[in-house]
$ cat coords.txt   # compact mmCIF, C-alpha atoms
# COMPACT_ATOMS: atom_id res chain seq x y z
CA MET A 103 0.00 0.00 0.00
CA LYS A 104 1.39 3.37 -0.97
CA LYS A 105 1.58 5.84 1.85
CA VAL A 106 0.67 9.49 1.86
CA VAL A 107 4.02 11.03 1.07
CA PHE A 108 4.00 14.54 2.50
CA LEU A 109 5.60 15.36 5.83
CA ALA A 110 3.51 15.29 8.96
CA TYR A 111 5.00 18.60 10.08
CA LEU A 112 3.23 20.27 7.18
CA MET A 113 -0.18 19.28 8.55
CA PRO A 114 -2.26 22.34 9.41
CA LEU A 115 -2.27 21.90 13.16
CA ALA A 116 -0.86 24.19 15.80
CA ALA A 117 1.30 21.42 17.21
CA TYR A 118 3.36 21.26 14.03
CA ALA A 119 4.48 24.88 14.10
CA GLY A 120 6.54 24.29 17.17
CA ASN A 121 8.93 27.18 16.49
CA ILE A 122 6.09 29.73 16.71
CA GLU A 123 4.17 29.88 19.94
CA ASN A 124 0.35 29.58 19.68
CA CYS A 125 0.44 30.08 15.93
CA ALA A 126 -3.25 29.35 15.32
CA GLY A 127 -4.49 31.83 17.89
CA ARG A 128 -2.05 34.66 17.21
CA GLN A 129 -3.44 38.08 16.45
CA ASN A 130 -0.11 39.62 15.44
CA VAL A 131 2.88 38.57 13.38
CA PRO A 132 5.80 37.18 15.44
CA ASP A 133 8.59 39.62 16.19
CA GLY A 134 11.96 39.40 14.49
CA LYS A 135 12.94 38.25 11.03
CA LEU A 136 11.21 35.10 9.79
CA SER A 137 12.85 32.58 7.49
CA LEU A 138 10.98 30.95 4.64
CA SER A 139 10.46 27.82 6.74
CA ASP A 140 9.07 29.91 9.61
CA VAL A 141 6.64 31.65 7.28
CA ILE A 142 5.46 28.36 5.77
CA GLU A 143 4.96 26.69 9.15
CA LEU A 144 3.06 29.72 10.41
CA GLY A 145 0.86 29.76 7.32
CA LEU A 146 0.08 26.05 7.40
CA CYS A 147 -0.91 26.29 11.02
CA ARG A 148 -3.42 29.04 10.19
CA ASN A 149 -4.57 28.29 6.64
CA PRO A 150 -8.25 27.22 6.37
CA GLN A 151 -7.97 25.60 2.91
CA THR A 152 -5.30 23.10 3.94
CA THR A 153 -7.13 22.43 7.18
CA SER A 154 -10.28 21.64 5.21
CA ALA A 155 -8.36 19.27 2.93
CA TYR A 156 -6.88 17.54 5.96
CA LEU A 157 -10.33 17.07 7.52
CA ALA A 158 -11.59 15.60 4.23
CA SER A 159 -8.76 13.07 4.41
CA GLU A 160 -9.71 12.28 8.01
CA SER A 161 -13.32 11.74 6.96
CA ALA A 162 -12.21 9.25 4.32
CA ARG A 163 -10.02 7.49 6.87
CA PHE A 164 -12.94 7.03 9.24
CA ALA A 165 -15.09 5.75 6.36
CA LYS A 166 -12.34 3.23 5.58
CA ASN A 167 -12.25 2.12 9.21
CA ALA A 168 -16.03 1.65 9.12
CA GLY A 169 -15.49 -0.85 6.30
CA TYR A 170 -13.95 -3.29 8.79
CA ALA A 171 -17.40 -3.66 10.39
CA ASN A 172 -18.35 -6.21 7.73
CA TYR A 173 -15.80 -8.59 9.24
CA LEU A 174 -17.48 -8.48 12.64
CA PRO A 175 -20.83 -9.88 13.78
CA SER A 176 -23.87 -7.63 13.88
CA VAL A 177 -26.01 -7.77 17.00
CA ASN A 178 -29.46 -6.23 17.45
CA ALA A 179 -31.61 -5.97 20.56
CA SER A 180 -35.29 -5.08 20.80
CA GLY A 181 -37.95 -4.84 23.48
CA SER A 182 -41.72 -4.50 23.48
CA ALA A 183 -44.68 -3.92 25.80
CA GLY A 184 -48.31 -3.91 24.80
CA ARG A 185 -51.93 -4.93 25.35
CA ASP A 186 -54.24 -6.56 22.86
CA TYR A 187 -57.76 -5.33 22.24
CA ARG A 188 -60.30 -7.78 20.94
CA ASN A 189 -64.11 -8.09 21.13
CA LYS A 190 -64.46 -4.87 23.10
CA ASP A 191 -62.12 -6.16 25.73
CA TRP A 192 -58.55 -5.32 26.64
CA GLY A 193 -56.21 -8.18 27.34
CA ASP A 194 -53.45 -8.28 29.89
CA TRP A 195 -50.12 -6.54 29.42
CA SER A 196 -47.47 -8.55 27.62
CA TYR A 197 -43.76 -7.91 27.61
CA GLY A 198 -40.98 -9.18 25.40
CA ALA A 199 -37.35 -8.80 24.54
CA SER A 200 -35.10 -10.32 21.89
CA LEU A 201 -31.46 -10.46 20.93
CA SER A 202 -30.37 -11.45 17.43
CA ALA A 203 -26.97 -11.83 15.86
CA SER A 204 -25.66 -12.58 12.39
CA TYR A 205 -22.20 -13.11 10.98
CA LEU A 206 -21.23 -13.13 7.33
CA ILE A 207 -19.23 -16.27 6.75
CA PHE A 208 -18.55 -16.16 3.02
CA ASP A 209 -19.36 -13.71 0.22
CA PHE A 210 -16.77 -14.52 -2.49
CA GLY A 211 -14.61 -11.54 -1.42
CA LYS A 212 -17.15 -8.73 -1.81
CA ARG A 213 -16.50 -7.19 1.60
CA LEU A 214 -12.75 -7.29 0.91
CA ALA A 215 -13.34 -5.48 -2.38
CA ASP A 216 -15.45 -2.87 -0.58
CA LEU A 217 -12.77 -2.39 2.06
CA ASN A 218 -10.02 -2.06 -0.55
CA ALA A 219 -12.09 0.52 -2.43
CA LEU A 220 -12.50 2.56 0.76
CA ALA A 221 -8.78 2.29 1.50
CA ALA A 222 -7.89 3.46 -2.00
CA THR A 223 -10.32 6.37 -1.69
CA TRP A 224 -8.68 7.32 1.59
CA ARG A 225 -5.25 7.31 -0.06
CA ALA A 226 -6.63 9.47 -2.88
CA THR A 227 -7.98 12.06 -0.41
CA GLY A 228 -4.61 11.96 1.35
CA PHE A 229 -2.94 12.90 -1.92
CA ASP A 230 -5.59 15.62 -2.36
CA TYR A 231 -4.42 17.01 0.95
CA ASP A 232 -0.78 16.74 -0.13
CA GLU A 233 -1.52 18.64 -3.32
CA SER A 234 -3.47 21.30 -1.43
CA VAL A 235 -0.57 21.78 0.97
CA GLN A 236 2.06 21.88 -1.75
CA ASN A 237 0.08 24.38 -3.82
CA TYR A 238 -0.35 26.56 -0.76
CA VAL A 239 3.34 26.29 0.10
CA TYR A 240 4.26 27.23 -3.47
CA GLY A 241 1.98 30.26 -3.23
CA VAL A 242 3.64 31.31 0.02
CA ILE A 243 7.08 30.83 -1.54
CA GLY A 244 6.08 33.02 -4.49
CA SER A 245 4.77 35.76 -2.16
CA TYR A 246 7.90 35.49 0.00
CA TYR A 247 10.20 36.00 -2.99
CA ASN A 248 7.98 38.79 -4.34
CA LEU A 249 8.44 40.62 -1.04
CA LEU A 250 12.21 40.07 -1.21
CA THR A 251 12.19 41.44 -4.76
CA ALA A 252 10.17 44.44 -3.63
CA ASP A 253 12.59 45.02 -0.74
CA ALA A 254 15.54 44.86 -3.12
CA ASP A 255 13.81 47.29 -5.50
CA VAL A 256 13.36 49.79 -2.65
CA VAL A 257 17.04 49.54 -1.71
CA SER A 258 18.03 49.97 -5.35
CA ALA A 259 15.67 52.92 -5.75
CA GLU A 260 17.17 54.60 -2.69
CA LYS A 261 20.69 54.14 -4.03
CA LEU A 262 19.69 55.45 -7.46
CA ARG A 263 17.95 58.43 -5.84
CA ASP A 264 21.20 59.16 -4.02
CA VAL A 265 23.10 58.95 -7.33
CA ALA A 266 20.61 61.37 -8.89
CA GLN A 267 21.00 63.70 -5.91
CA THR A 268 24.77 63.61 -6.33
CA ALA A 269 24.39 64.41 -10.02
CA ARG A 270 22.10 67.31 -9.24
CA ASP A 271 24.50 68.72 -6.64
CA MET A 272 27.42 68.38 -9.05
CA ALA A 273 25.48 70.10 -11.84
CA GLN A 274 24.58 72.97 -9.52
CA LYS A 275 28.21 73.44 -8.45
CA LYS A 276 29.42 73.44 -12.04
CA TYR A 277 26.66 75.86 -13.04
CA ASN A 278 27.61 78.17 -10.18
CA ALA A 279 31.20 77.97 -11.39
CA GLY A 280 30.04 78.85 -14.90
CA SER A 281 31.34 75.64 -16.48
CA VAL A 282 27.95 74.25 -17.58
CA ALA A 283 24.64 75.65 -18.74
CA LYS A 284 21.48 75.91 -16.70
CA ALA A 285 20.10 73.06 -18.79
CA ASP A 286 22.34 70.59 -16.94
CA VAL A 287 20.79 71.60 -13.63
CA LEU A 288 17.29 71.31 -15.05
CA LYS A 289 18.03 67.86 -16.45
CA ALA A 290 19.46 66.79 -13.11
CA ASP A 291 16.35 68.13 -11.35
CA THR A 292 14.14 66.12 -13.70
CA THR A 293 16.15 62.96 -13.12
CA LEU A 294 16.07 63.44 -9.35
CA ALA A 295 12.31 63.94 -9.36
CA SER A 296 11.94 60.82 -11.47
CA ARG A 297 14.09 58.80 -9.06
CA GLU A 298 12.08 60.05 -6.07
CA LEU A 299 8.87 59.03 -7.83
CA ALA A 300 10.36 55.62 -8.61
CA LEU A 301 11.30 55.25 -4.94
CA GLU A 302 7.73 55.98 -3.82
CA ARG A 303 6.40 53.45 -6.32
CA ALA A 304 8.89 50.87 -5.10
CA LYS A 305 7.78 51.46 -1.51
CA ASN A 306 4.14 51.11 -2.56
CA ASN A 307 4.90 47.85 -4.37
CA ARG A 308 6.68 46.59 -1.26
CA GLU A 309 3.62 47.35 0.89
CA ILE A 310 1.41 45.48 -1.54
CA ALA A 311 3.78 42.50 -1.60
CA LYS A 312 3.92 42.50 2.20
CA GLY A 313 0.11 42.70 2.44
CA THR A 314 -0.23 39.78 0.01
CA LEU A 315 2.07 37.59 2.10
CA LEU A 316 0.31 38.60 5.33
CA SER A 317 -3.03 37.72 3.76
CA LYS A 318 -1.76 34.26 2.89
CA LEU A 319 -0.77 33.89 6.53
CA SER A 320 -4.28 34.98 7.63
CA PHE A 321 -3.05 38.20 9.26
CA PRO A 322 -4.32 41.74 8.60
CA ALA A 323 -2.51 43.24 5.62
CA ASP A 324 -1.49 46.39 7.51
CA GLN A 325 0.76 44.64 10.04
CA ASP A 326 4.57 44.69 9.92
CA LEU A 327 6.51 41.67 8.71
CA GLU A 328 10.27 41.13 8.45
CA ILE A 329 11.71 38.24 6.46
CA MET A 330 15.20 36.92 5.83
CA ASP A 331 16.98 37.18 2.49
CA MET A 332 18.06 34.07 0.61
CA PRO A 333 21.72 32.95 0.40
CA SER A 334 23.47 33.82 -2.85
CA ASN A 335 24.78 30.26 -3.34
CA PHE A 336 21.27 28.83 -3.61
CA GLY A 337 20.08 27.43 -6.94
CA ARG A 338 23.23 26.99 -8.98
CA SER A 339 23.53 24.91 -12.13
CA THR A 340 25.65 22.31 -10.35
CA GLU A 341 22.45 21.12 -8.66
CA ASN A 342 20.60 20.48 -11.93
CA LYS A 343 19.15 17.07 -12.79
CA SER A 344 18.03 15.55 -16.05
CA ILE A 345 14.40 15.51 -17.18
CA ASP A 346 14.30 11.71 -16.85
CA GLU A 347 15.46 11.93 -13.24
CA LEU A 348 12.78 14.50 -12.45
CA ILE A 349 10.04 12.44 -14.10
CA ALA A 350 11.15 9.35 -12.18
CA ALA A 351 11.03 11.35 -8.96
CA ALA A 352 7.57 12.70 -9.82
CA GLN A 353 6.19 9.20 -10.22
CA LYS A 354 7.03 8.58 -6.56
CA THR A 355 6.11 11.92 -5.02
CA ARG A 356 3.76 13.98 -7.22
CA PRO A 357 0.36 13.99 -5.47
CA ASP A 358 -1.90 14.18 -8.54
CA LEU A 359 -0.16 11.16 -10.11
CA LEU A 360 -0.46 9.18 -6.90
CA ARG A 361 -4.07 10.31 -6.51
CA ALA A 362 -4.92 9.19 -10.05
CA THR A 363 -3.41 5.77 -9.33
CA ALA A 364 -5.34 5.51 -6.05
CA ASN A 365 -8.57 6.49 -7.80
CA LYS A 366 -7.93 3.85 -10.45
CA ASP A 367 -7.37 1.24 -7.73
CA ALA A 368 -10.60 2.30 -6.00
CA ALA A 369 -12.51 2.02 -9.29
CA TRP A 370 -11.05 -1.44 -9.88
CA HIS A 371 -12.21 -2.65 -6.46
CA ARG A 372 -15.65 -1.10 -6.97
CA ARG A 373 -15.96 -2.93 -10.26
CA ASN A 374 -15.12 -6.20 -8.53
CA SER A 375 -17.59 -5.45 -5.75
CA ALA A 376 -20.36 -4.76 -8.26
CA PHE A 377 -19.75 -8.13 -9.90
CA LEU A 378 -19.49 -10.04 -6.60
CA LYS A 379 -22.79 -8.52 -5.53
CA ASN A 380 -24.48 -11.01 -7.89
CA LEU A 381 -22.98 -14.04 -6.14
CA PRO A 382 -24.36 -15.88 -3.07
CA SER A 383 -23.49 -15.01 0.49
CA ILE A 384 -23.60 -17.29 3.51
CA SER A 385 -24.26 -16.07 7.05
CA ALA A 386 -24.66 -17.62 10.46
CA THR A 387 -27.66 -16.40 12.44
CA GLY A 388 -28.89 -16.76 15.98
CA SER A 389 -31.52 -15.23 18.20
CA VAL A 390 -32.88 -15.49 21.71
CA GLY A 391 -36.12 -13.99 22.96
CA TRP A 392 -38.10 -13.58 26.14
CA ASN A 393 -41.76 -12.74 26.60
CA ASP A 394 -44.12 -12.44 29.49
CA THR A 395 -47.58 -13.05 28.08
CA GLU A 396 -50.42 -14.29 30.23
CA TRP A 397 -51.37 -17.87 29.50
CA ASN A 398 -54.54 -18.37 27.50
CA SER A 399 -54.84 -14.61 26.92
CA PHE A 400 -56.97 -14.61 23.79
CA GLY A 401 -55.99 -18.23 23.30
CA ASN A 402 -52.28 -17.45 23.25
CA ASP A 403 -50.06 -20.02 24.97
CA SER A 404 -46.42 -18.87 24.95
CA ASN A 405 -43.13 -19.94 26.49
CA LYS A 406 -41.09 -17.46 28.44
CA VAL A 407 -37.81 -18.03 26.55
CA ASN A 408 -37.26 -19.04 22.94
CA GLY A 409 -34.39 -18.95 20.49
CA SER A 410 -32.92 -20.21 17.25
CA ILE A 411 -29.66 -20.73 15.41
CA GLY A 412 -29.07 -21.41 11.75
CA ILE A 413 -27.25 -20.82 8.50
CA ARG A 414 -28.71 -18.49 5.89
CA ALA A 415 -27.76 -18.36 2.23
CA SER A 416 -28.96 -15.63 -0.07
CA MET A 417 -28.47 -14.81 -3.71
CA PRO A 418 -30.05 -12.14 -5.88
CA ILE A 419 -32.04 -13.66 -8.72
CA PHE A 420 -33.61 -10.71 -10.46
CA ALA A 421 -33.55 -7.01 -9.60
CA GLY A 422 -34.85 -5.43 -12.77
CA PHE A 423 -31.40 -5.58 -14.45
CA ALA A 424 -30.06 -3.12 -11.81
CA ASN A 425 -27.16 -5.40 -10.93
CA TYR A 426 -26.25 -5.93 -14.58
CA TYR A 427 -26.15 -2.23 -15.33
CA GLY A 428 -24.34 -1.60 -12.04
CA VAL A 429 -21.53 -3.88 -13.21
CA ARG A 430 -21.39 -2.14 -16.60
CA ALA A 431 -21.28 1.29 -14.94
CA ALA A 432 -18.47 0.15 -12.61
CA GLU A 433 -16.49 -1.14 -15.61
CA ALA A 434 -16.94 2.20 -17.41
CA ASN A 435 -15.80 4.09 -14.30
CA TYR A 436 -12.72 1.90 -14.09
CA ASP A 437 -11.86 2.57 -17.74
CA ARG A 438 -12.37 6.28 -17.14
CA ALA A 439 -10.05 6.16 -14.12
CA LYS A 440 -7.35 4.51 -16.25
CA GLU A 441 -7.62 7.28 -18.84
CA SER A 442 -7.50 9.90 -16.09
CA GLU A 443 -4.30 8.32 -14.80
CA ARG A 444 -2.79 8.47 -18.28
CA ALA A 445 -3.84 12.11 -18.70
CA ALA A 446 -2.32 12.98 -15.32
CA ALA A 447 0.97 11.40 -16.39
CA ASP A 448 1.00 13.41 -19.63
CA ASN A 449 0.25 16.65 -17.77
CA ALA A 450 2.95 15.91 -15.22
CA THR A 451 5.55 15.35 -17.93
CA LEU A 452 4.67 18.68 -19.56
CA ASP A 453 4.70 20.49 -16.22
CA ILE A 454 8.12 19.10 -15.35
CA PHE A 455 9.57 19.92 -18.76
CA THR A 456 8.18 23.48 -18.68
CA ALA A 457 9.28 24.16 -15.11
CA TYR A 458 12.73 22.73 -15.74
CA GLN A 459 13.27 24.80 -18.89
CA ASN A 460 12.11 27.93 -17.04
CA TYR A 461 14.53 27.13 -14.24
CA LYS A 462 17.50 26.68 -16.58
CA THR A 463 16.56 29.91 -18.35
CA ALA A 464 16.36 31.69 -14.99
CA GLN A 465 19.88 30.49 -14.17
CA THR A 466 21.18 31.88 -17.47
CA VAL A 467 19.29 35.15 -17.04
CA LEU A 468 20.70 35.62 -13.53
CA THR A 469 24.25 35.17 -14.80
CA GLN A 470 23.62 37.65 -17.60
CA THR A 471 22.05 40.24 -15.31
CA GLU A 472 25.00 39.96 -12.93
CA THR A 473 27.29 40.83 -15.84
CA LEU A 474 24.91 43.58 -16.98
CA LEU A 475 24.70 45.09 -13.50
CA ALA A 476 28.47 45.07 -13.05
CA SER A 477 28.91 46.74 -16.43
CA ALA A 478 26.19 49.34 -15.82
CA THR A 479 27.57 50.14 -12.36
CA GLU A 480 31.07 50.67 -13.70
CA SER A 481 29.73 52.68 -16.65
CA GLU A 482 27.81 55.01 -14.33
CA ARG A 483 30.86 55.44 -12.11
CA VAL A 484 33.15 56.25 -15.03
CA THR A 485 30.64 58.61 -16.65
CA ALA A 486 30.17 60.43 -13.35
CA GLY A 487 33.93 60.91 -13.11
CA MET A 488 34.10 62.11 -16.69
CA TYR A 489 31.32 64.61 -16.06
CA LYS A 490 33.17 66.02 -13.09
CA VAL A 491 36.20 66.79 -15.26
CA GLY A 492 34.13 68.05 -18.17
CA ARG A 493 34.65 65.12 -20.54
CA ALA A 494 31.00 63.97 -20.52
CA THR A 495 27.68 65.75 -20.66
CA MET A 496 24.77 65.56 -18.24
CA LEU A 497 22.90 63.63 -20.91
CA ASP A 498 25.66 61.03 -20.93
CA TRP A 499 25.43 60.73 -17.15
CA GLN A 500 21.65 60.45 -17.23
CA THR A 501 21.88 57.75 -19.87
CA ALA A 502 24.32 55.81 -17.70
CA GLN A 503 22.00 56.22 -14.70
CA SER A 504 19.02 54.94 -16.72
CA GLU A 505 21.01 51.92 -17.80
CA LEU A 506 21.97 51.29 -14.17
CA VAL A 507 18.30 51.51 -13.13
CA ASP A 508 17.30 48.94 -15.72
CA ALA A 509 20.20 46.65 -14.85
CA GLN A 510 19.43 46.82 -11.12
CA LYS A 511 15.74 46.01 -11.66
CA GLN A 512 16.55 43.14 -14.00
CA HIS A 513 19.05 41.70 -11.54
CA ASN A 514 16.63 41.92 -8.62
CA ALA A 515 13.89 40.23 -10.63
CA ALA A 516 16.26 37.56 -12.00
CA LYS A 517 17.67 36.71 -8.56
CA TYR A 518 14.34 35.89 -6.97
CA ASP A 519 12.79 34.55 -10.15
CA LEU A 520 15.47 31.87 -9.98
CA PHE A 521 14.26 30.83 -6.54
CA THR A 522 10.62 30.86 -7.67
CA SER A 523 11.49 28.80 -10.76
CA ARG A 524 13.33 26.32 -8.58
CA ALA A 525 10.28 26.02 -6.35
CA ALA A 526 8.17 25.47 -9.48
CA VAL A 527 10.36 22.50 -10.39
CA ALA A 528 9.91 21.12 -6.88
CA LEU A 529 6.15 21.59 -7.20
CA ALA A 530 6.15 19.87 -10.59
CA ILE A 531 7.79 16.76 -9.14
CA GLY A 532 5.73 16.98 -5.95
CA ASP A 533 8.64 17.49 -3.55
CA ILE A 534 8.40 20.98 -2.05
CA LYS A 535 9.70 19.43 1.19
CA ALA A 536 13.13 18.88 -0.34
CA GLU A 537 13.39 22.55 -1.22
CA LEU A 538 12.49 23.55 2.33
CA ASP A 539 15.17 21.22 3.68
CA LYS A 540 17.76 22.77 1.34
CA GLU A 541 16.68 26.27 2.39
CA ARG A 542 17.15 25.30 6.04
CA GLU A 543 20.62 23.90 5.30
CA ASN A 544 21.66 27.10 3.53
CA ASN A 545 20.43 29.24 6.41
CA ASP A 546 22.17 27.14 9.09

$ encode --input "coords.txt" --output "structure tokens"
Amino acid sequence: MKKVVFLAYLMPLAAYAGNIENCAGRQNVPDGKLSLSDVIELGLCRNPQTTSAYLASESARFAKNAGYANYLPSVNASGSAGRDYRNKDWGDWSYGASLSASYLIFDFGKRLADLNALAATWRATGFDYDESVQNYVYGVIGSYYNLLTADADVVSAEKLRDVAQTARDMAQKKYNAGSVAKADVLKADTTLASRELALERAKNNREIAKGTLLSKLSFPADQDLEIMDMPSNFGRSTENKSIDELIAAAQKTRPDLLRATANKDAAWHRRNSAFLKNLPSISATGSVGWNDTEWNSFGNDSNKVNGSIGIRASMPIFAGFANYYGVRAAEANYDRAKESERAAADNATLDIFTAYQNYKTAQTVLTQTETLLASATESERVTAGMYKVGRATMLDWQTAQSELVDAQKQHNAAKYDLFTSRAAVALAIGDIKAELDKERENND
């Protein structure tokens, strides 16, 4: 029997967020900087969607456990008290009690098929829960990296505003000295105003990104939240795997593939159960009764205690073709489940291929933006020096600053897009847990 593969610590219960005190009942975000693992544990403890999926899995587990009842005897008790009325006369009170039991001895394996179907359904709902958790974790990861990107954009905007301020001050000094025209000062003023506007926009985007992450954690969006940056040695090409390796891993860990297989198994057992329903069943029966009826009351002469034991065999003969069509429907559902499994495998292969290609592209883009940023930074520094000695114009300096702005934004986006793309690969193979473990190792 395949087991539900996701970690127990990701279950949406307060006990599993042990690093954060009373996570489910918190009204405010914990103090201090939170790592990605802290944020995910906090979110899982508080998230209603994953909790609902977990409870659905629990419901299926209890239904599976109820299936074991068919292997145990059934016992029924009854009691009665009454008076007969006949010929305008009431008889005496009579009392009775009975106890009956039955036990299914043999049914050609139908109850086993029913139990196996319930067990497979339980596994499928467990994989539903896994998928719900992993999708939620991926969403939190995306929001976490978006906030880091927004933070980096604010820092970059502040630095670029300072560069623009330096350019404006330099232009004013040179204008006062009579070495440049007033136009240089005006251009520098325009650039400075633009950089201040960009800084305000970056701060606004950071607030929105922070509010989005807080919302995913079920906190008010106006609270403060501090998170840790990611290590720069995370997500390098040396850690890459082949597509075949990723697909092989997905077959063992991806929840929708495992769920499709479990649903197919459940449909197979239901088909068998529908067929076995047409075969005989043999049960042992027994009963014991007690009654207290007055002798000769309305000619009724009864013993106080009675009972019986026996063997009962039953077999459906004709039920209006319901059993026949039930078997045909179960066969069709089984065939449909097989096709759904095949479709899930095709979708998984495409998801893995797409995510992996995006990840490799993100690695290349990050390397290119690092080169671009280094070049733009040096170009701005050199142009600034040339402007100070009169060998470059303000327009040249502004052009270099614009190129630095673009390079900085591209590098910030590429850095955290790499982490998001890596998480997308983990989601595609159904192993977000491995990424969290690696993130912990890099932070230790």

$ atom_distance --input "coords.txt" --atom1 "CA of Val467 in chain A" --atom2 "CA of Asp253 in chain A"
20.2 Å

$ atom_distance --input "coords.txt" --atom1 "CA of Val257 in chain A" --atom2 "CA of Lys289 in chain A"
23.5 Å

$ atom_distance --input "coords.txt" --atom1 "CA of Glu441 in chain A" --atom2 "CA of Arg372 in chain A"
16.6 Å

$ residues_around --input "coords.txt" --residues "Asn393 in chain A" --least-positions-apart "4" --cutoff "9 Å" --atoms "all atoms listed in the file" --output "ChimeraX atom specification"
/A:182,196-200,404-408

$ write_last_selection --input "coords.txt" --atoms "C-alpha atoms" --output "PDB file, in the coordinates of the input"
ATOM      1  CA  SER A 182     -41.720  -4.500  23.480  1.00  0.00           C
ATOM      2  CA  SER A 196     -47.470  -8.550  27.620  1.00  0.00           C
ATOM      3  CA  TYR A 197     -43.760  -7.910  27.610  1.00  0.00           C
ATOM      4  CA  GLY A 198     -40.980  -9.180  25.400  1.00  0.00           C
ATOM      5  CA  ALA A 199     -37.350  -8.800  24.540  1.00  0.00           C
ATOM      6  CA  SER A 200     -35.100 -10.320  21.890  1.00  0.00           C
ATOM      7  CA  SER A 404     -46.420 -18.870  24.950  1.00  0.00           C
ATOM      8  CA  ASN A 405     -43.130 -19.940  26.490  1.00  0.00           C
ATOM      9  CA  LYS A 406     -41.090 -17.460  28.440  1.00  0.00           C
ATOM     10  CA  VAL A 407     -37.810 -18.030  26.550  1.00  0.00           C
ATOM     11  CA  ASN A 408     -37.260 -19.040  22.940  1.00  0.00           C
TER      12      ASN A 408
END

$ closest_residue --input "coords.txt" --among "A:Asn248, A:Asn514, A:Gly313, A:Asp209" --to "Met417 in chain A" --atoms "all atoms listed in the file"
A:Asp209

$ residues_around --input "coords.txt" --residues "Thr451 in chain A" --least-positions-apart "5" --cutoff "12 Å" --atoms "all atoms listed in the file" --output "mmCIF file with C-alpha atoms, keeping the file's coordinate frame"
data_model
loop_
_atom_site.group_PDB
_atom_site.id
_atom_site.type_symbol
_atom_site.label_atom_id
_atom_site.label_comp_id
_atom_site.auth_asym_id
_atom_site.auth_seq_id
_atom_site.Cartn_x
_atom_site.Cartn_y
_atom_site.Cartn_z
ATOM 1 C CA ILE A 345 14.400 15.510 -17.180
ATOM 2 C CA ASP A 346 14.300 11.710 -16.850
ATOM 3 C CA GLU A 347 15.460 11.930 -13.240
ATOM 4 C CA LEU A 348 12.780 14.500 -12.450
ATOM 5 C CA ILE A 349 10.040 12.440 -14.100
ATOM 6 C CA ALA A 350 11.150 9.350 -12.180
ATOM 7 C CA ALA A 351 11.030 11.350 -8.960
ATOM 8 C CA ALA A 352 7.570 12.700 -9.820
ATOM 9 C CA GLN A 353 6.190 9.200 -10.220
ATOM 10 C CA ARG A 356 3.760 13.980 -7.220
ATOM 11 C CA LEU A 359 -0.160 11.160 -10.110
ATOM 12 C CA ARG A 444 -2.790 8.470 -18.280
ATOM 13 C CA ALA A 445 -3.840 12.110 -18.700
ATOM 14 C CA ALA A 446 -2.320 12.980 -15.320
ATOM 15 C CA THR A 456 8.180 23.480 -18.680
ATOM 16 C CA ALA A 457 9.280 24.160 -15.110
ATOM 17 C CA TYR A 458 12.730 22.730 -15.740
ATOM 18 C CA VAL A 527 10.360 22.500 -10.390
ATOM 19 C CA ALA A 530 6.150 19.870 -10.590
ATOM 20 C CA ILE A 531 7.790 16.760 -9.140
#

$ residues_near_point --input "coords.txt" --point "(20.2, 70.4, -10.0)" --cutoff "7 Å" --atoms "only C-alpha atoms" --output "VMD selection string"
chain A and resid 270 to 271 273 to 274 287 to 288 290 to 291

$ residues_around --input "coords.txt" --residues "Gly169 in chain A" --least-positions-apart "3" --cutoff "9 Å" --atoms "all atoms listed in the file" --output "mmCIF file with C-alpha atoms, keeping the file's coordinate frame"
data_model
loop_
_atom_site.group_PDB
_atom_site.id
_atom_site.type_symbol
_atom_site.label_atom_id
_atom_site.label_comp_id
_atom_site.auth_asym_id
_atom_site.auth_seq_id
_atom_site.Cartn_x
_atom_site.Cartn_y
_atom_site.Cartn_z
ATOM 1 C CA PHE A 164 -12.940 7.030 9.240
ATOM 2 C CA ALA A 165 -15.090 5.750 6.360
ATOM 3 C CA LYS A 166 -12.340 3.230 5.580
ATOM 4 C CA ASN A 172 -18.350 -6.210 7.730
ATOM 5 C CA TYR A 173 -15.800 -8.590 9.240
ATOM 6 C CA ARG A 213 -16.500 -7.190 1.600
ATOM 7 C CA LEU A 214 -12.750 -7.290 0.910
ATOM 8 C CA ASP A 216 -15.450 -2.870 -0.580
ATOM 9 C CA LEU A 217 -12.770 -2.390 2.060
ATOM 10 C CA ASN A 218 -10.020 -2.060 -0.550
ATOM 11 C CA LEU A 220 -12.500 2.560 0.760
ATOM 12 C CA ALA A 221 -8.780 2.290 1.500
#

$ closest_residue --input "coords.txt" --among "A:Asp191, A:Glu482, A:Glu328, A:Asp140" --to "Thr501 in chain A" --atoms "all atoms listed in the file"
A:Glu482

$ residues_around --input "coords.txt" --residues "range 378-385 of chain A" --least-positions-apart "3" --cutoff "9 Å" --atoms "all atoms listed in the file" --output "PyMOL selection string"
chain A and resi 204-212+215+373-375+412-419+425-426

$ closest_residue --input "coords.txt" --among "A:Ala386, A:Val242, A:Ala369, A:Ala266" --to "Ala486 in chain A" --atoms "only C-alpha atoms"
A:Ala266

$ closest_residue --input "coords.txt" --among "A:Ala476, A:Ala525, A:Leu316, A:Cys125" --to "Tyr240 in chain A" --atoms "only C-alpha atoms"
A:Ala525

$ closest_residue --input "coords.txt" --among "A:Ala226, A:Val239, A:Ala424, A:Leu327" --to "Ala526 in chain A" --atoms "all atoms listed in the file"
A:Val239
